[in-house]
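Peer 1: Okay, so here is work-v5.csv, and as you'll see once you scroll down, it has CSV, C-alpha atoms and all ligand atoms.
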```
chain,number,residue,atom,x,y,z
E,555,MET,CA,63.6,-49.6,176.9
E,556,ASN,CA,66.4,-50.1,179.3
E,557,GLY,CA,69.3,-51.5,177.4
E,558,SER,CA,71.7,-51.7,180.3
E,559,ALA,CA,71.7,-55.4,180.4
E,560,ASP,CA,73.1,-55.4,176.9
E,561,ILE,CA,76.3,-53.6,178.0
E,562,PRO,CA,79.0,-56.3,178.0
E,563,ARG,CA,80.6,-56.6,181.4
E,564,VAL,CA,83.9,-57.5,180.0
E,565,ALA,CA,86.4,-55.2,178.3
E,566,GLU,CA,87.1,-55.0,174.6
E,567,LYS,CA,89.5,-57.7,173.4
E,568,SER,CA,92.6,-55.6,173.2
E,569,HIS,CA,92.1,-54.5,176.9
E,570,GLU,CA,90.7,-57.7,178.3
E,571,ASP,CA,94.0,-58.5,180.2
E,572,GLN,CA,93.5,-55.1,181.9
E,573,PRO,CA,91.5,-54.8,185.1
E,574,VAL,CA,88.2,-53.0,185.1
E,575,ALA,CA,89.0,-49.4,186.0
E,576,LEU,CA,85.6,-47.7,185.8
E,577,GLU,CA,82.3,-49.3,186.6
E,578,VAL,CA,78.9,-47.7,186.6
E,579,ARG,CA,76.0,-49.6,188.0
E,580,GLY,CA,72.4,-48.6,187.6
E,581,LEU,CA,73.3,-44.9,187.4
E,582,VAL,CA,70.3,-42.6,187.5
E,583,ALA,CA,71.2,-39.0,186.6
E,584,GLY,CA,69.2,-35.9,186.4
E,585,TYR,CA,68.3,-32.6,187.9
E,586,GLY,CA,66.5,-32.1,191.2
E,587,SER,CA,64.4,-35.2,191.5
E,588,VAL,CA,63.8,-35.5,187.8
E,589,PRO,CA,65.7,-38.3,186.1
E,590,VAL,CA,67.2,-37.7,182.7
E,591,VAL,CA,69.3,-40.9,182.4
E,592,ARG,CA,67.8,-44.1,183.7
E,593,SER,CA,69.8,-47.0,184.9
E,594,LEU,CA,73.0,-46.7,183.0
E,595,ASP,CA,75.6,-49.5,183.3
E,596,LEU,CA,79.1,-49.2,182.0
E,597,SER,CA,82.3,-51.1,182.5
E,598,ALA,CA,85.6,-50.1,181.1
E,599,ALA,CA,89.1,-51.5,181.5
E,600,LYS,CA,92.2,-49.4,181.7
E,601,GLY,CA,93.0,-47.9,178.3
E,602,THR,CA,89.5,-48.2,176.9
E,603,VAL,CA,87.9,-45.6,174.8
E,604,LEU,CA,84.2,-45.6,175.2
E,605,GLY,CA,81.9,-43.6,173.0
E,606,ILE,CA,78.7,-42.1,174.2
E,607,LEU,CA,76.6,-41.2,171.2
E,608,GLY,CA,73.1,-40.0,170.8
E,609,PRO,CA,70.9,-37.1,169.6
E,610,ASN,CA,70.6,-33.7,171.2
E,611,GLY,CA,69.0,-33.9,174.6
E,612,ALA,CA,69.7,-37.6,175.1
E,613,GLY,CA,71.4,-37.1,178.4
E,614,LYS,CA,75.1,-37.3,177.4
E,615,THR,CA,76.3,-34.2,179.1
E,616,THR,CA,74.1,-35.0,182.2
E,617,THR,CA,75.9,-38.4,182.3
E,618,MET,CA,79.4,-36.8,182.0
E,619,MET,CA,78.6,-34.2,184.7
E,620,THR,CA,77.4,-36.9,187.0
E,621,LEU,CA,80.5,-39.0,186.4
E,622,ALA,CA,82.6,-36.0,187.1
E,623,GLY,CA,80.8,-35.4,190.5
E,624,LEU,CA,79.3,-32.1,189.3
E,625,LEU,CA,75.7,-33.5,189.6
E,626,PRO,CA,74.6,-35.7,192.4
E,627,PRO,CA,73.5,-39.1,191.1
E,628,LEU,CA,69.8,-39.9,191.8
E,629,GLY,CA,70.7,-43.6,192.1
E,630,GLY,CA,73.3,-46.2,191.3
E,631,GLU,CA,77.0,-46.4,191.9
E,632,ILE,CA,80.2,-45.1,190.2
E,633,LEU,CA,83.2,-47.2,191.1
E,634,LEU,CA,86.9,-46.4,190.2
E,635,ASP,CA,89.1,-49.4,190.8
E,636,GLY,CA,86.3,-51.0,192.7
E,637,LYS,CA,85.9,-48.1,195.1
E,638,PRO,CA,82.8,-45.9,195.1
E,639,LEU,CA,83.6,-42.3,194.0
E,640,PRO,CA,82.5,-39.6,196.3
E,641,ARG,CA,79.0,-38.4,195.5
E,642,ASN,CA,78.6,-34.8,194.4
E,643,ARG,CA,82.1,-33.9,195.4
E,644,PRO,CA,83.7,-32.5,192.2
E,645,ALA,CA,87.1,-31.7,193.8
E,646,ARG,CA,87.4,-35.1,195.4
E,647,THR,CA,86.3,-36.9,192.3
E,648,ASN,CA,88.8,-34.9,190.3
E,649,ALA,CA,91.5,-35.7,192.9
E,650,ALA,CA,90.6,-39.4,192.5
E,651,GLY,CA,91.5,-39.0,188.8
E,652,VAL,CA,88.3,-38.3,187.0
E,653,VAL,CA,88.9,-35.3,184.8
E,654,LEU,CA,86.2,-33.6,182.7
E,655,VAL,CA,86.9,-31.7,179.5
E,656,PRO,CA,83.5,-29.8,179.4
E,657,ASP,CA,81.7,-29.0,176.2
E,658,ASP,CA,82.4,-25.3,176.7
E,659,ARG,CA,86.1,-26.0,177.2
E,660,ALA,CA,86.2,-23.7,180.2
E,661,LEU,CA,89.7,-22.4,179.5
E,662,PHE,CA,91.2,-19.4,181.3
E,663,THR,CA,90.9,-17.2,178.2
E,664,THR,CA,93.1,-14.3,179.4
E,665,MET,CA,95.9,-16.7,180.5
E,666,THR,CA,98.4,-18.1,178.1
E,667,VAL,CA,98.5,-21.7,176.9
E,668,ARG,CA,101.5,-22.3,179.1
E,669,GLU,CA,99.7,-20.8,182.1
E,670,ASN,CA,96.6,-22.9,181.5
E,671,LEU,CA,98.7,-26.0,181.4
E,672,THR,CA,100.9,-25.1,184.3
E,673,ILE,CA,98.0,-24.2,186.6
E,674,ALA,CA,96.3,-27.5,185.9
E,675,ARG,CA,99.3,-29.8,185.9
E,676,ARG,CA,99.7,-32.4,188.7
E,677,PRO,CA,103.3,-33.4,189.6
E,678,THR,CA,102.4,-37.0,188.6
E,679,GLY,CA,101.0,-35.9,185.2
E,680,PRO,CA,102.8,-35.6,181.9
E,681,THR,CA,105.2,-32.7,181.5
E,682,ILE,CA,104.3,-29.8,179.2
E,683,PRO,CA,106.9,-31.0,176.6
E,684,GLU,CA,105.3,-34.4,176.8
E,685,VAL,CA,101.9,-33.0,176.1
E,686,LEU,CA,103.2,-30.8,173.3
E,687,ASP,CA,104.5,-34.0,171.7
E,688,LEU,CA,100.8,-35.0,171.4
E,689,PHE,CA,99.7,-31.6,170.4
E,690,PRO,CA,102.6,-30.1,168.4
E,691,ALA,CA,100.3,-27.3,167.0
E,692,LEU,CA,100.3,-25.8,170.5
E,693,SER,CA,104.1,-25.5,170.7
E,694,PRO,CA,104.4,-22.2,168.8
E,695,ARG,CA,101.3,-20.9,170.7
E,696,LEU,CA,102.6,-21.4,174.3
E,697,ASN,CA,102.7,-17.7,175.1
E,698,VAL,CA,99.5,-16.8,173.4
E,699,ALA,CA,96.3,-16.1,175.4
E,700,ALA,CA,94.0,-19.1,175.3
E,701,GLY,CA,91.2,-16.7,174.1
E,702,ALA,CA,93.2,-15.8,171.1
E,703,LEU,CA,93.6,-19.4,169.9
E,704,SER,CA,91.5,-20.9,167.0
E,705,GLY,CA,88.6,-23.2,167.9
E,706,GLY,CA,90.7,-26.2,167.1
E,707,GLU,CA,93.7,-25.0,169.1
E,708,GLN,CA,91.4,-24.2,172.1
E,709,GLN,CA,90.1,-27.7,172.0
E,710,MET,CA,93.6,-29.2,171.9
E,711,LEU,CA,94.4,-27.0,174.9
E,712,ALA,CA,91.3,-28.2,176.7
E,713,VAL,CA,92.2,-31.9,176.1
E,714,ALA,CA,95.9,-31.1,177.0
E,715,ARG,CA,94.8,-29.5,180.2
E,716,GLY,CA,92.9,-32.6,181.0
E,717,LEU,CA,95.9,-34.7,180.3
E,718,VAL,CA,98.3,-32.9,182.5
E,719,GLN,CA,96.0,-33.7,185.4
E,720,ASN,CA,97.1,-37.4,185.0
E,721,PRO,CA,93.5,-38.7,184.6
E,722,ARG,CA,92.5,-42.2,185.3
E,723,VAL,CA,89.2,-41.4,183.6
E,724,LEU,CA,89.1,-38.6,181.0
E,725,LEU,CA,85.7,-37.4,180.1
E,726,ILE,CA,85.6,-35.5,176.9
E,727,ASP,CA,82.2,-33.9,176.1
E,728,GLU,CA,81.7,-32.9,172.5
E,729,MET,CA,85.3,-32.3,171.5
E,730,SER,CA,84.2,-31.5,168.0
E,731,MET,CA,81.7,-28.7,169.0
E,732,GLY,CA,82.1,-26.0,166.4
E,733,LEU,CA,85.1,-27.7,164.7
E,734,ALA,CA,85.5,-28.7,161.1
E,735,PRO,CA,85.5,-32.5,160.7
E,736,VAL,CA,89.0,-32.4,159.4
E,737,ILE,CA,90.2,-31.0,162.7
E,738,VAL,CA,88.2,-33.6,164.6
E,739,GLU,CA,89.8,-36.3,162.4
E,740,GLY,CA,93.2,-35.1,163.5
E,741,MET,CA,92.3,-35.0,167.2
E,742,LEU,CA,90.5,-38.2,167.7
E,743,PRO,CA,93.6,-40.4,167.1
E,744,VAL,CA,95.4,-38.3,169.8
E,745,VAL,CA,92.6,-39.3,172.2
E,746,ARG,CA,93.2,-42.9,171.2
E,747,ARG,CA,96.9,-42.4,172.0
E,748,ILE,CA,96.1,-40.9,175.4
E,749,ALA,CA,94.2,-44.1,176.3
E,750,ASP,CA,96.8,-46.4,174.9
E,751,GLU,CA,99.8,-44.6,176.4
E,752,THR,CA,98.5,-43.6,179.8
E,753,GLY,CA,96.0,-46.4,180.4
E,754,ALA,CA,93.3,-43.8,181.1
E,755,VAL,CA,89.7,-44.7,180.4
E,756,VAL,CA,88.5,-42.1,177.9
E,757,ILE,CA,84.8,-41.5,177.6
E,758,LEU,CA,84.1,-39.6,174.5
E,759,VAL,CA,80.8,-37.8,173.8
E,760,GLU,CA,80.8,-37.2,170.1
E,761,GLN,CA,78.4,-36.0,167.4
E,762,HIS,CA,80.7,-37.2,164.6
E,763,VAL,CA,79.5,-40.8,165.1
E,764,HIS,CA,81.7,-42.5,162.5
E,765,LEU,CA,84.8,-40.7,163.4
E,766,ALA,CA,84.2,-41.6,167.1
E,767,LEU,CA,83.6,-45.2,166.2
E,768,GLU,CA,87.0,-45.3,164.4
E,769,VAL,CA,88.9,-44.7,167.6
E,770,ALA,CA,86.5,-46.1,170.3
E,771,ASP,CA,86.6,-49.7,171.5
E,772,ARG,CA,83.0,-49.7,172.5
E,773,ALA,CA,80.1,-47.3,172.3
E,774,ILE,CA,76.6,-46.8,173.5
E,775,VAL,CA,73.8,-44.8,171.9
E,776,LEU,CA,71.7,-42.9,174.4
E,777,VAL,CA,68.2,-41.7,173.4
E,778,HIS,CA,66.0,-40.0,175.9
E,779,GLY,CA,68.1,-41.3,178.7
E,780,ASP,CA,68.0,-44.9,177.7
E,781,VAL,CA,70.7,-47.0,176.1
E,782,VAL,CA,69.1,-48.1,172.9
E,783,LEU,CA,72.2,-49.6,171.3
E,784,SER,CA,75.6,-50.8,172.5
E,785,GLY,CA,78.5,-52.9,171.4
E,786,ALA,CA,81.9,-53.0,170.0
E,787,ALA,CA,82.6,-49.8,168.0
E,788,SER,CA,83.6,-51.9,165.0
E,789,ALA,CA,80.2,-53.7,165.1
E,790,LEU,CA,78.3,-50.5,165.4
E,791,ALA,CA,80.2,-48.9,162.6
E,792,ALA,CA,79.5,-51.9,160.4
E,793,ASP,CA,75.7,-51.6,160.9
E,794,PRO,CA,74.8,-48.0,159.9
E,795,ALA,CA,71.1,-49.0,159.5
E,796,ALA,CA,71.0,-50.0,163.2
E,797,LEU,CA,72.7,-46.8,164.2
E,798,GLN,CA,70.3,-44.7,162.1
E,799,ALA,CA,67.4,-46.6,163.6
E,800,ALA,CA,68.7,-46.0,167.1
E,801,TYR,CA,69.0,-42.3,166.5
E,802,LEU,CA,65.4,-42.3,165.2
E,803,GLY,CA,64.4,-44.1,168.3
E,804,THR,CA,63.3,-47.3,166.7
E,805,ALA,CA,66.2,-49.6,167.7
E,806,ALA,CA,65.2,-52.4,170.0
E,807,SER,CA,68.3,-54.3,170.7
E,808,ALA,CA,72.1,-54.1,171.1
E,809,VAL,CA,74.5,-54.9,168.4
E,810,HIS,CA,76.8,-57.5,169.8
E,811,ALA,CA,80.4,-57.8,169.0
G,901,LIG,N1,70.4,-27.7,184.3
G,901,LIG,C1,69.4,-28.4,183.8
G,901,LIG,N2,68.2,-28.5,184.5
G,901,LIG,C2,67.1,-29.2,184.1
G,901,LIG,N3,67.2,-30.0,183.0
G,901,LIG,C3,68.3,-30.0,182.3
G,901,LIG,C4,69.4,-29.2,182.7
G,901,LIG,N4,70.4,-29.4,181.7
G,901,LIG,C5,69.9,-30.2,180.9
G,901,LIG,N5,68.7,-30.6,181.2
G,901,LIG,C6,67.8,-31.5,180.4
G,901,LIG,O1,68.3,-32.8,180.4
G,901,LIG,C7,68.1,-33.4,179.2
G,901,LIG,C8,69.4,-34.0,178.7
G,901,LIG,O2,70.3,-32.9,178.5
G,901,LIG,P1,71.8,-33.1,178.1
G,901,LIG,O3,72.5,-31.8,178.1
G,901,LIG,O4,72.4,-34.1,179.1
G,901,LIG,O5,71.8,-33.7,176.7
G,901,LIG,P2,72.9,-34.0,175.6
G,901,LIG,O6,72.7,-35.5,175.2
G,901,LIG,O7,74.2,-33.6,176.2
G,901,LIG,O8,72.5,-33.1,174.4
G,901,LIG,P3,73.4,-32.3,173.4
G,901,LIG,O9,73.8,-33.3,172.3
G,901,LIG,O10,72.4,-31.2,172.9
G,901,LIG,O11,74.6,-31.7,174.1
G,901,LIG,C9,67.4,-32.4,178.3
G,901,LIG,O12,66.1,-32.7,178.3
G,901,LIG,C10,67.7,-31.1,179.0
G,901,LIG,O13,66.7,-30.2,178.7
G,902,MG,MG,75.6,-32.2,175.6
```
The structure in this file should be written as structure tokens.
Ligand SMILES: Nc1ncnc2c1ncn2[C@@H]1O[C@H](COP(=O)(O)OP(=O)(O)OP(=O)(O)O)[C@@H](O)[C@H]1O
Ligand SMILES: [Mg+2]

Peer 2:
Amino acid sequence: MNGSADIPRVAEKSHEDQPVALEVRGLVAGYGSVPVVRSLDLSAAKGTVLGILGPNGAGKTTTMMTLAGLLPPLGGEILLDGKPLPRNRPARTNAAGVVLVPDDRALFTTMTVRENLTIARRPTGPTIPEVLDLFPALSPRLNVAAGALSGGEQQMLAVARGLVQNPRVLLIDEMSMGLAPVIVEGMLPVVRRIADETGAVVILVEQHVHLALEVADRAIVLVHGDVVLSGAASALAADPAALQAAYLGTAASAVHA
């Protein structure tokens, strides 16, 4: 089914006084001419954390790559502050403020933490000390090669590197990949702070569903490229049976806030 009509067009309560920053209308994403994600609609006000959940192969990464301009959309529109983002122009999309933290982290492994941050930083972005305030564990590691960091530290650096680019939209794909839940538990509140303190829209693809729902405002569940469930994160978290059914592909409707 196509659950796009179930995505509320208004922002979550705490952000409803904020203008819509990111709007996705009828996005079709895929490879070549083969659609993987069909008709996705999203709307997020400044400072919103939106979770994209769903099983393996659902189209989460495909969506993120398309939002980041790394894959040409097969249909639909992506608007930032009401203006269409350039299609299939990753550098220009990035310059417009859409920053992807990819699932493989893509750090410069032979460069130090400081070099990774310095090379990525925009003059308008937070300073390195400001970023270290969010990720204090990186402070003693500034002169260590990124490749020598632990998995958790590498992921902190990947998010920190996204942050110094002063994102308007921060796309974080599977932050928890390969990390113990306790590390994820520590990092997700930082993601919440990034949205709250910078006003960036954060889109979080996450396998740790319940941890993600704790920090997200809203979430959608993608299954085989369709939105099968959507709603306020609190409402989704309160209905584990609906979530489970969605993952099993049997959900038929949205959970409404
Ligand atoms: N480069 C590609 N060319 C063709 N098909 C692809 C390509 N990358 C992914 N796909 C297909 O697109 C579908 C969605 O993949 P995607 O990586 O977006 O899923 P995902 O939700 O991110 O899954 P996971 O949780 O495993 O990361 C899958 O059927 C996959 O085989
Ligand atoms: Mg993926």

Peer 1: For E:Thr616, which of E:Asp727, E:Glu739, E:Asp571, E:Asp658 is the closest residue, counting all atoms listed in the file?

Peer 2: E:Asp727

Peer 1: Report as a Markdown table the residues of chain E within 10 Å of ligand MG 902 (chain G), each with its shortest atom pair and distance in Å (one decimal), using all atoms listed in the file, ordered by chain and increasing residue number.

Peer 2:
```
| residue | atom | partner | partner_atom | distance |
| --- | --- | --- | --- | --- |
| E:Gly608 | CA | G:MG902 | MG | 9.5 |
| E:Pro609 | CA | G:MG902 | MG | 9.1 |
| E:Asn610 | CA | G:MG902 | MG | 6.8 |
| E:Gly611 | CA | G:MG902 | MG | 6.9 |
| E:Ala612 | CA | G:MG902 | MG | 8.0 |
| E:Gly613 | CA | G:MG902 | MG | 7.0 |
| E:Lys614 | CA | G:MG902 | MG | 5.4 |
| E:Thr615 | CA | G:MG902 | MG | 4.1 |
| E:Thr616 | CA | G:MG902 | MG | 7.3 |
| E:Thr617 | CA | G:MG902 | MG | 9.1 |
| E:Met618 | CA | G:MG902 | MG | 8.7 |
| E:Met619 | CA | G:MG902 | MG | 9.8 |
| E:Pro656 | CA | G:MG902 | MG | 9.1 |
| E:Asp657 | CA | G:MG902 | MG | 6.9 |
| E:Asp658 | CA | G:MG902 | MG | 9.7 |
| E:Asp727 | CA | G:MG902 | MG | 6.8 |
| E:Glu728 | CA | G:MG902 | MG | 6.9 |
| E:Met731 | CA | G:MG902 | MG | 9.6 |
| E:Val759 | CA | G:MG902 | MG | 7.9 |
| E:Glu760 | CA | G:MG902 | MG | 9.1 |
| E:Gln761 | CA | G:MG902 | MG | 9.5 |
```

Peer 1: Within 12 Å of stretch 573-583 of chain E, which residues of stretch 660-777 of chain E come that close, and what is the closest atom pair and distance in Å for each? Count all atoms listed in the file and give it as JSON lines.

Peer 2:
```
{"residue": "E:Pro721", "atom": "CA", "partner": "E:Ala575", "partner_atom": "CA", "distance": 11.7}
{"residue": "E:Arg722", "atom": "CA", "partner": "E:Ala575", "partner_atom": "CA", "distance": 8.0}
{"residue": "E:Val723", "atom": "CA", "partner": "E:Leu576", "partner_atom": "CA", "distance": 7.6}
{"residue": "E:Leu724", "atom": "CA", "partner": "E:Leu576", "partner_atom": "CA", "distance": 10.9}
{"residue": "E:Leu725", "atom": "CA", "partner": "E:Leu576", "partner_atom": "CA", "distance": 11.8}
{"residue": "E:Gly753", "atom": "CA", "partner": "E:Ala575", "partner_atom": "CA", "distance": 9.5}
{"residue": "E:Ala754", "atom": "CA", "partner": "E:Ala575", "partner_atom": "CA", "distance": 8.6}
{"residue": "E:Val755", "atom": "CA", "partner": "E:Ala575", "partner_atom": "CA", "distance": 7.3}
{"residue": "E:Val756", "atom": "CA", "partner": "E:Leu576", "partner_atom": "CA", "distance": 10.1}
{"residue": "E:Ile757", "atom": "CA", "partner": "E:Leu576", "partner_atom": "CA", "distance": 10.3}
```

Peer 1: Which residue gives the smallest distance to E:Gly629 among E:Leu661, E:Val653, E:Val591, E:Ala714, with all atoms listed in the file counted?

Peer 2: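 The answer is E:Val591, which sits nearest to E:Gly629.
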
Peer 1: For ligand LIG 901 (chain G), which of E:Ile682, E:Ala674, E:Val736, E:Leu758 is the closest residue, counting only C-alpha atoms and all ligand atoms?

Peer 2: E:Leu758

Peer 1: What's the separation between atom CA of E:Ile774 and atom CA of E:Ala787, in Å to one decimal place?

Peer 2: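 If I compute the distance from atom CA of E:Ile774 to atom CA of E:Ala787, I get 8.7 Å.
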
Peer 1: If we count all atoms listed in the file and set the cut-off at 12 Å, which residues sit around E:Gly803, ignoring sequence neighbours fewer than 6 positions away in its own chain? Please answer as number ranges by chain.

Peer 2: E: 555, 608-609, 612, 775-783, 796-797

Peer 1: Near E:Val744, within 9 Å and counting all atoms listed in the file, which residues show up once chain neighbours fewer than 5 positions away are dropped, as a list in words?

Peer 2: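 In the requested format, the answer is Leu688, Phe689 and Ala749 of chain E.
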
Peer 1: Mind filling out stretch 731-750 of chain E with N, CA and C atoms and sending it as an mmCIF file, in the frame of the given file?

Peer 2:
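The result, stored in rebuild.cif:
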```cif
data_model
loop_
_atom_site.group_PDB
_atom_site.id
_atom_site.type_symbol
_atom_site.label_atom_id
_atom_site.label_comp_id
_atom_site.auth_asym_id
_atom_site.auth_seq_id
_atom_site.Cartn_x
_atom_site.Cartn_y
_atom_site.Cartn_z
ATOM 1 N N MET E 731 82.682 -29.847 169.014
ATOM 2 C CA MET E 731 81.700 -28.700 169.000
ATOM 3 C C MET E 731 82.333 -27.541 168.219
ATOM 4 N N GLY E 732 81.707 -27.165 167.150
ATOM 5 C CA GLY E 732 82.100 -26.000 166.400
ATOM 6 C C GLY E 732 83.391 -26.202 165.560
ATOM 7 N N LEU E 733 83.861 -27.436 165.471
ATOM 8 C CA LEU E 733 85.100 -27.700 164.700
ATOM 9 C C LEU E 733 84.782 -28.362 163.386
ATOM 10 N N ALA E 734 85.627 -28.053 162.389
ATOM 11 C CA ALA E 734 85.500 -28.700 161.100
ATOM 12 C C ALA E 734 85.843 -30.207 161.272
ATOM 13 N N PRO E 735 85.157 -31.092 160.542
ATOM 14 C CA PRO E 735 85.500 -32.500 160.700
ATOM 15 C C PRO E 735 86.929 -32.861 160.469
ATOM 16 N N VAL E 736 87.622 -32.094 159.618
ATOM 17 C CA VAL E 736 89.000 -32.400 159.400
ATOM 18 C C VAL E 736 89.868 -32.204 160.639
ATOM 19 N N ILE E 737 89.479 -31.247 161.452
ATOM 20 C CA ILE E 737 90.200 -31.000 162.700
ATOM 21 C C ILE E 737 89.887 -32.137 163.693
ATOM 22 N N VAL E 738 88.621 -32.518 163.714
ATOM 23 C CA VAL E 738 88.200 -33.600 164.600
ATOM 24 C C VAL E 738 88.959 -34.895 164.199
ATOM 25 N N GLU E 739 89.068 -35.099 162.906
ATOM 26 C CA GLU E 739 89.800 -36.300 162.400
ATOM 27 C C GLU E 739 91.207 -36.321 162.875
ATOM 28 N N GLY E 740 91.805 -35.144 163.019
ATOM 29 C CA GLY E 740 93.200 -35.100 163.500
ATOM 30 C C GLY E 740 93.268 -35.301 165.018
ATOM 31 N N MET E 741 92.239 -34.898 165.729
ATOM 32 C CA MET E 741 92.300 -35.000 167.200
ATOM 33 C C MET E 741 91.924 -36.314 167.772
ATOM 34 N N LEU E 742 91.002 -36.987 167.134
ATOM 35 C CA LEU E 742 90.500 -38.200 167.700
ATOM 36 C C LEU E 742 91.632 -39.298 167.870
ATOM 37 N N PRO E 743 92.545 -39.421 166.890
ATOM 38 C CA PRO E 743 93.600 -40.400 167.100
ATOM 39 C C PRO E 743 94.520 -40.015 168.307
ATOM 40 N N VAL E 744 94.593 -38.728 168.611
ATOM 41 C CA VAL E 744 95.400 -38.300 169.800
ATOM 42 C C VAL E 744 94.672 -38.825 171.060
ATOM 43 N N VAL E 745 93.353 -38.778 171.027
ATOM 44 C CA VAL E 745 92.600 -39.300 172.200
ATOM 45 C C VAL E 745 92.858 -40.809 172.316
ATOM 46 N N ARG E 746 92.925 -41.501 171.210
ATOM 47 C CA ARG E 746 93.200 -42.900 171.200
ATOM 48 C C ARG E 746 94.628 -43.173 171.856
ATOM 49 N N ARG E 747 95.565 -42.323 171.444
ATOM 50 C CA ARG E 747 96.900 -42.400 172.000
ATOM 51 C C ARG E 747 96.962 -42.206 173.483
ATOM 52 N N ILE E 748 96.163 -41.235 173.930
ATOM 53 C CA ILE E 748 96.100 -40.900 175.400
ATOM 54 C C ILE E 748 95.691 -42.192 176.134
ATOM 55 N N ALA E 749 94.641 -42.847 175.633
ATOM 56 C CA ALA E 749 94.200 -44.100 176.300
ATOM 57 C C ALA E 749 95.233 -45.153 176.248
ATOM 58 N N ASP E 750 95.837 -45.340 175.080
ATOM 59 C CA ASP E 750 96.800 -46.400 174.900
ATOM 60 C C ASP E 750 98.069 -46.163 175.742
#
```
